[in-house]
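Listing of model_20.csv; format and content: CSV, C-alpha atoms.
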```csv
chain,number,residue,atom,x,y,z
A,1,MET,CA,107.5,95.5,83.7
A,2,SER,CA,108.9,97.3,80.5
A,3,VAL,CA,112.3,98.8,80.5
A,4,SER,CA,113.5,101.3,77.9
A,5,ASN,CA,116.6,100.3,75.9
A,6,THR,CA,118.0,103.7,76.3
A,7,ALA,CA,120.7,103.9,78.9
A,8,THR,CA,120.3,106.6,81.5
A,9,GLN,CA,123.5,108.7,81.9
A,10,ILE,CA,124.5,109.9,85.3
A,11,PRO,CA,126.5,113.2,85.4
A,12,GLU,CA,130.2,112.4,85.4
A,13,LEU,CA,132.1,113.0,88.6
A,14,GLN,CA,135.5,111.7,87.4
A,15,ASP,CA,138.0,112.6,84.8
A,16,PRO,CA,136.8,110.8,81.7
A,17,ALA,CA,140.4,109.9,80.8
A,18,SER,CA,140.9,108.0,84.0
A,19,ALA,CA,140.8,104.2,84.2
A,20,VAL,CA,137.4,102.5,84.6
A,21,ARG,CA,136.8,101.6,88.2
A,22,GLU,CA,135.0,98.4,89.1
A,23,ILE,CA,132.2,98.6,91.7
A,24,SER,CA,131.1,95.3,93.2
A,25,LEU,CA,127.4,95.1,94.0
A,26,ALA,CA,125.9,92.3,96.1
A,27,HIS,CA,122.2,91.6,97.0
A,28,SER,CA,119.9,88.8,97.8
A,29,PRO,CA,117.8,87.0,95.2
A,30,ASP,CA,114.7,88.6,96.7
A,31,SER,CA,112.5,90.3,94.1
A,32,ASP,CA,112.8,93.7,95.8
A,33,ASP,CA,116.6,93.7,95.5
A,34,ALA,CA,116.5,92.4,91.9
A,35,PHE,CA,114.1,95.3,91.1
A,36,MET,CA,116.5,97.8,92.7
A,37,PHE,CA,119.7,96.6,91.0
A,38,TYR,CA,118.4,95.5,87.6
A,39,ALA,CA,119.2,98.6,85.7
A,40,LEU,CA,122.8,98.8,87.1
A,41,ALA,CA,123.4,95.0,86.5
A,42,THR,CA,122.3,95.2,82.9
A,43,ASN,CA,123.9,98.6,82.1
A,44,LYS,CA,120.6,100.3,81.5
A,45,VAL,CA,122.0,103.0,83.9
A,46,ARG,CA,125.6,103.8,83.4
A,47,VAL,CA,128.0,106.0,85.4
A,48,PRO,CA,130.9,107.2,83.3
A,49,GLY,CA,134.2,105.8,84.6
A,50,LEU,CA,132.5,103.0,86.6
A,51,ARG,CA,131.7,99.4,85.8
A,52,PHE,CA,129.3,97.5,88.1
A,53,THR,CA,129.8,93.8,88.8
A,54,HIS,CA,126.9,91.8,90.2
A,55,THR,CA,126.7,89.1,92.9
A,56,LEU,CA,123.6,87.3,94.3
A,57,CYS,CA,123.8,85.9,97.8
A,58,ASP,CA,121.4,85.2,100.7
A,59,ILE,CA,121.0,88.1,103.1
A,60,GLU,CA,122.5,86.5,106.1
A,61,THR,CA,125.7,85.7,104.2
A,62,LEU,CA,125.8,89.3,103.0
A,63,ASN,CA,125.5,90.5,106.6
A,64,ARG,CA,128.3,88.3,107.7
A,65,MET,CA,130.6,89.2,104.7
A,66,ALA,CA,130.1,92.9,105.5
A,67,ARG,CA,131.4,92.3,109.1
A,68,GLU,CA,134.6,90.6,107.9
A,69,GLY,CA,137.4,93.1,108.0
A,70,GLU,CA,136.3,96.2,106.0
A,71,GLY,CA,133.7,94.1,104.1
A,72,LEU,CA,133.9,92.2,100.8
A,73,TYR,CA,131.7,94.2,98.5
A,74,ASP,CA,131.6,97.9,97.6
A,75,VAL,CA,127.9,98.1,97.8
A,76,THR,CA,125.8,95.4,99.6
A,77,ALA,CA,122.3,94.8,100.7
A,78,ILE,CA,122.1,94.3,104.5
A,79,SER,CA,119.6,93.8,107.2
A,80,PHE,CA,119.2,96.9,109.4
A,81,HIS,CA,119.9,94.7,112.4
A,82,ALA,CA,123.4,94.2,111.0
A,83,TYR,CA,124.2,97.9,110.4
A,84,PRO,CA,125.5,98.7,113.9
A,85,TYR,CA,128.1,96.0,113.5
A,86,ILE,CA,129.4,97.4,110.2
A,87,GLN,CA,128.9,101.1,110.5
A,88,ALA,CA,132.6,101.8,111.0
A,89,HIS,CA,133.3,100.6,107.4
A,90,TYR,CA,129.9,101.1,105.6
A,91,ALA,CA,127.5,104.0,105.3
A,92,LEU,CA,123.8,103.5,104.6
A,93,LEU,CA,122.6,104.6,101.1
A,94,PRO,CA,119.5,106.7,100.9
A,95,SER,CA,117.9,104.5,98.2
A,96,GLY,CA,116.5,101.0,98.2
A,97,GLY,CA,115.5,100.5,101.8
A,98,SER,CA,112.8,98.0,102.7
A,99,VAL,CA,110.2,98.9,105.4
A,100,GLY,CA,107.2,96.8,106.4
A,101,ASP,CA,104.1,98.9,107.2
A,102,GLY,CA,102.0,96.5,109.2
A,103,TYR,CA,103.6,93.6,107.4
A,104,GLY,CA,106.9,91.7,107.9
A,105,PRO,CA,108.6,88.4,108.7
A,106,MET,CA,106.2,85.7,109.7
A,107,ILE,CA,106.2,82.7,112.0
A,108,VAL,CA,104.6,79.8,110.3
A,109,SER,CA,103.8,76.2,111.3
A,110,THR,CA,102.0,73.0,110.3
A,111,ARG,CA,99.7,73.5,113.2
A,112,ALA,CA,97.7,76.5,114.3
A,113,TYR,CA,99.6,77.2,117.6
A,114,SER,CA,98.6,80.1,119.8
A,115,ARG,CA,101.1,82.9,120.3
A,116,ASP,CA,102.0,81.6,123.8
A,117,GLU,CA,102.5,78.1,122.5
A,118,ILE,CA,104.8,79.1,119.6
A,119,LYS,CA,107.1,80.9,122.1
A,120,ARG,CA,108.0,77.4,123.5
A,121,LYS,CA,108.9,75.9,120.2
A,122,ARG,CA,112.2,75.6,118.4
A,123,ILE,CA,112.1,78.0,115.5
A,124,ALA,CA,114.1,77.8,112.2
A,125,VAL,CA,115.4,81.3,111.5
A,126,PRO,CA,117.1,82.7,108.4
A,127,GLY,CA,120.1,84.2,110.3
A,128,LYS,CA,121.0,85.8,113.5
A,129,LEU,CA,122.0,89.1,111.9
A,130,THR,CA,118.6,89.5,110.1
A,131,THR,CA,116.1,92.0,111.3
A,132,ALA,CA,113.6,89.1,111.3
A,133,TYR,CA,115.7,87.4,114.0
A,134,LEU,CA,115.9,90.6,116.1
A,135,VAL,CA,112.2,91.3,116.0
A,136,LEU,CA,111.5,87.6,116.8
A,137,ASN,CA,113.6,88.0,120.0
A,138,LEU,CA,111.7,91.2,120.9
A,139,PHE,CA,108.4,89.2,120.5
A,140,ALA,CA,109.7,86.2,122.4
A,141,PRO,CA,112.9,86.9,124.4
A,142,GLY,CA,115.0,83.7,124.8
A,143,ILE,CA,113.1,81.7,122.2
A,144,GLU,CA,115.0,78.6,121.0
A,145,THR,CA,116.2,79.0,117.4
A,146,GLU,CA,118.4,77.3,114.8
A,147,VAL,CA,119.8,79.0,111.7
A,148,VAL,CA,118.6,77.5,108.4
A,149,PRO,CA,119.0,79.0,104.9
A,150,PHE,CA,116.0,81.1,104.2
A,151,ASP,CA,114.8,79.1,101.2
A,152,GLN,CA,115.1,75.8,103.2
A,153,ILE,CA,112.9,76.8,106.1
A,154,ILE,CA,109.5,75.9,104.6
A,155,PRO,CA,110.8,72.6,103.2
A,156,LYS,CA,112.3,71.6,106.5
A,157,ILE,CA,109.1,72.4,108.4
A,158,LYS,CA,107.2,70.2,105.9
A,159,LEU,CA,109.7,67.4,106.5
A,160,GLY,CA,109.1,67.6,110.2
A,161,ASN,CA,112.6,68.9,111.1
A,162,PHE,CA,111.0,71.9,112.8
A,163,GLU,CA,107.6,72.7,114.3
A,164,ALA,CA,107.8,76.3,113.1
A,165,GLY,CA,109.9,78.7,111.1
A,166,LEU,CA,110.5,82.4,110.6
A,167,ILE,CA,110.1,83.2,106.9
A,168,ILE,CA,111.2,86.2,104.8
A,169,HIS,CA,111.2,87.1,101.1
A,170,GLU,CA,108.8,85.1,98.8
A,171,GLY,CA,108.0,82.6,101.5
A,172,GLN,CA,105.7,85.3,103.1
A,173,LEU,CA,103.6,85.1,99.9
A,174,THR,CA,103.6,81.3,99.3
A,175,TYR,CA,103.6,79.6,102.8
A,176,ASP,CA,99.9,78.8,102.6
A,177,ARG,CA,100.4,76.8,99.4
A,178,SER,CA,102.6,74.4,101.5
A,179,GLY,CA,99.7,73.9,103.9
A,180,LEU,CA,101.2,76.0,106.7
A,181,TYR,CA,99.5,78.3,109.2
A,182,ARG,CA,100.7,81.9,109.9
A,183,ILE,CA,101.0,82.1,113.6
A,184,VAL,CA,102.1,85.8,113.8
A,185,ASP,CA,103.1,88.4,111.3
A,186,LEU,CA,105.9,90.2,113.2
A,187,GLY,CA,105.6,93.3,111.1
A,188,LYS,CA,101.9,93.6,112.2
A,189,TRP,CA,102.8,92.8,115.8
A,190,TRP,CA,105.5,95.5,115.7
A,191,HIS,CA,103.0,98.0,114.4
A,192,GLN,CA,100.5,97.1,117.1
A,193,VAL,CA,103.1,97.5,119.8
A,194,THR,CA,104.8,100.7,118.5
A,195,GLY,CA,102.5,102.2,116.0
A,196,LEU,CA,105.5,102.3,113.6
A,197,PRO,CA,106.5,100.6,110.4
A,198,LEU,CA,109.3,97.9,110.8
A,199,PRO,CA,112.7,98.8,109.2
A,200,LEU,CA,113.9,95.6,107.5
A,201,GLY,CA,116.9,96.2,105.3
A,202,GLY,CA,118.8,98.6,103.1
A,203,ASN,CA,121.9,99.1,101.0
A,204,ALA,CA,125.3,100.1,102.4
A,205,ILE,CA,128.4,101.4,100.6
A,206,ARG,CA,132.0,101.1,101.7
A,207,ARG,CA,133.3,104.3,103.3
A,208,SER,CA,136.8,103.6,101.9
A,209,LEU,CA,135.6,104.5,98.4
A,210,GLY,CA,135.7,108.1,99.5
A,211,PRO,CA,133.0,110.9,99.4
A,212,GLU,CA,133.1,111.6,95.6
A,213,LEU,CA,132.8,107.9,94.5
A,214,MET,CA,130.2,107.2,97.2
A,215,ALA,CA,128.1,110.1,95.9
A,216,SER,CA,128.5,109.0,92.3
A,217,VAL,CA,127.2,105.5,93.1
A,218,SER,CA,124.5,106.9,95.4
A,219,ASN,CA,123.2,109.2,92.7
A,220,ALA,CA,122.9,106.3,90.2
A,221,MET,CA,120.6,104.2,92.4
A,222,PRO,CA,117.4,106.3,92.2
A,223,SER,CA,117.8,106.4,88.4
A,224,ALA,CA,118.0,102.6,88.5
A,225,ALA,CA,114.9,102.3,90.5
A,226,ALA,CA,113.0,104.8,88.3
A,227,LEU,CA,114.0,103.0,85.1
A,228,ALA,CA,112.9,99.6,86.6
A,229,ARG,CA,109.5,101.2,87.4
A,230,SER,CA,109.0,102.5,83.9
```

Here is a file; write its structure as structure tokens.
Amino acid sequence: MSVSNTATQIPELQDPASAVREISLAHSPDSDDAFMFYALATNKVRVPGLRFTHTLCDIETLNRMAREGEGLYDVTAISFHAYPYIQAHYALLPSGGSVGDGYGPMIVSTRAYSRDEIKRKRIAVPGKLTTAYLVLNLFAPGIETEVVPFDQIIPKIKLGNFEAGLIIHEGQLTYDRSGLYRIVDLGKWWHQVTGLPLPLGGNAIRRSLGPELMASVSNAMPSAAALARS
């Protein structure tokens, strides 16, 4: 990926003489999020009057932080499962959503269990506000689960702490290198059941910023994605 050194300027919506406003951005270390926010984090895309600060955190922690009070960050990546819990204080942004079209979170194990067998196992999950957890419970209502940081699920399966786990992010691409079997791709299962893609996550902005500032930030994000693709 090559990125131009020329910063993209977004049309100014504030008085240029006003003080610089800091906008806190938070997202997961997943490559999709890094792609989306790279240009803002590195000032390749600039919005006059705004300065963006950048925080990396796992998605379940971001979901929970967004639920606390009016939320911690001005702009945050979230799981779509979490959005109904935070919609009073956050609005969804139109850019940067993640949707699995016949592909999504996966249940993996050290043994090639059947779908019926896996529903009777204790599953390591990356968080109860993740969309992965929601669709797992649609697939297997009442299944026994335990929350484990997403990047520790595969290691804990290999250590024998769990017979199976629900994986997201890069684990979906690398699980076979750890000798694990994919039992079910829940994005594929969802598509078979509904005929629809699976909405996974998106970006939300704090409503208290006000319409003008929300629009200014929202307008910057497509430019950031376009620059990252160039």

Separation of atom CA of Leu180 of chain A and atom CA of Asp151 of chain A, in Å? 15.0 Å

Report the distance between atom CA of Leu209 of chain A and atom CA of Ala88 of chain A in Å, rounded to one decimal place.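 Between these atoms lies a distance of 13.2 Å.
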
What separation in Å, quoted to one decimal, exists between atom CA of Gly195 of chain A and atom CA of His169 of chain A?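 Going from atom CA of Gly195 of chain A over to atom CA of His169 of chain A covers 22.9 Å.
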
Excluding Gly69 of chain A and its own-chain neighbours fewer than 5 positions away, which residues fall within 12 Å of it when counting all atoms listed in the file? Please give them as an MDAnalysis selection string. chainID A and resid 64 85:90 206

Got a sec: who's within 10 Å of Ile157 of chain A, counting only C-alpha atoms, leaving out chain neighbours fewer than 6 positions off, as a PyMOL selection string? chain A and resi 108-110+123-124+163-165+178+180
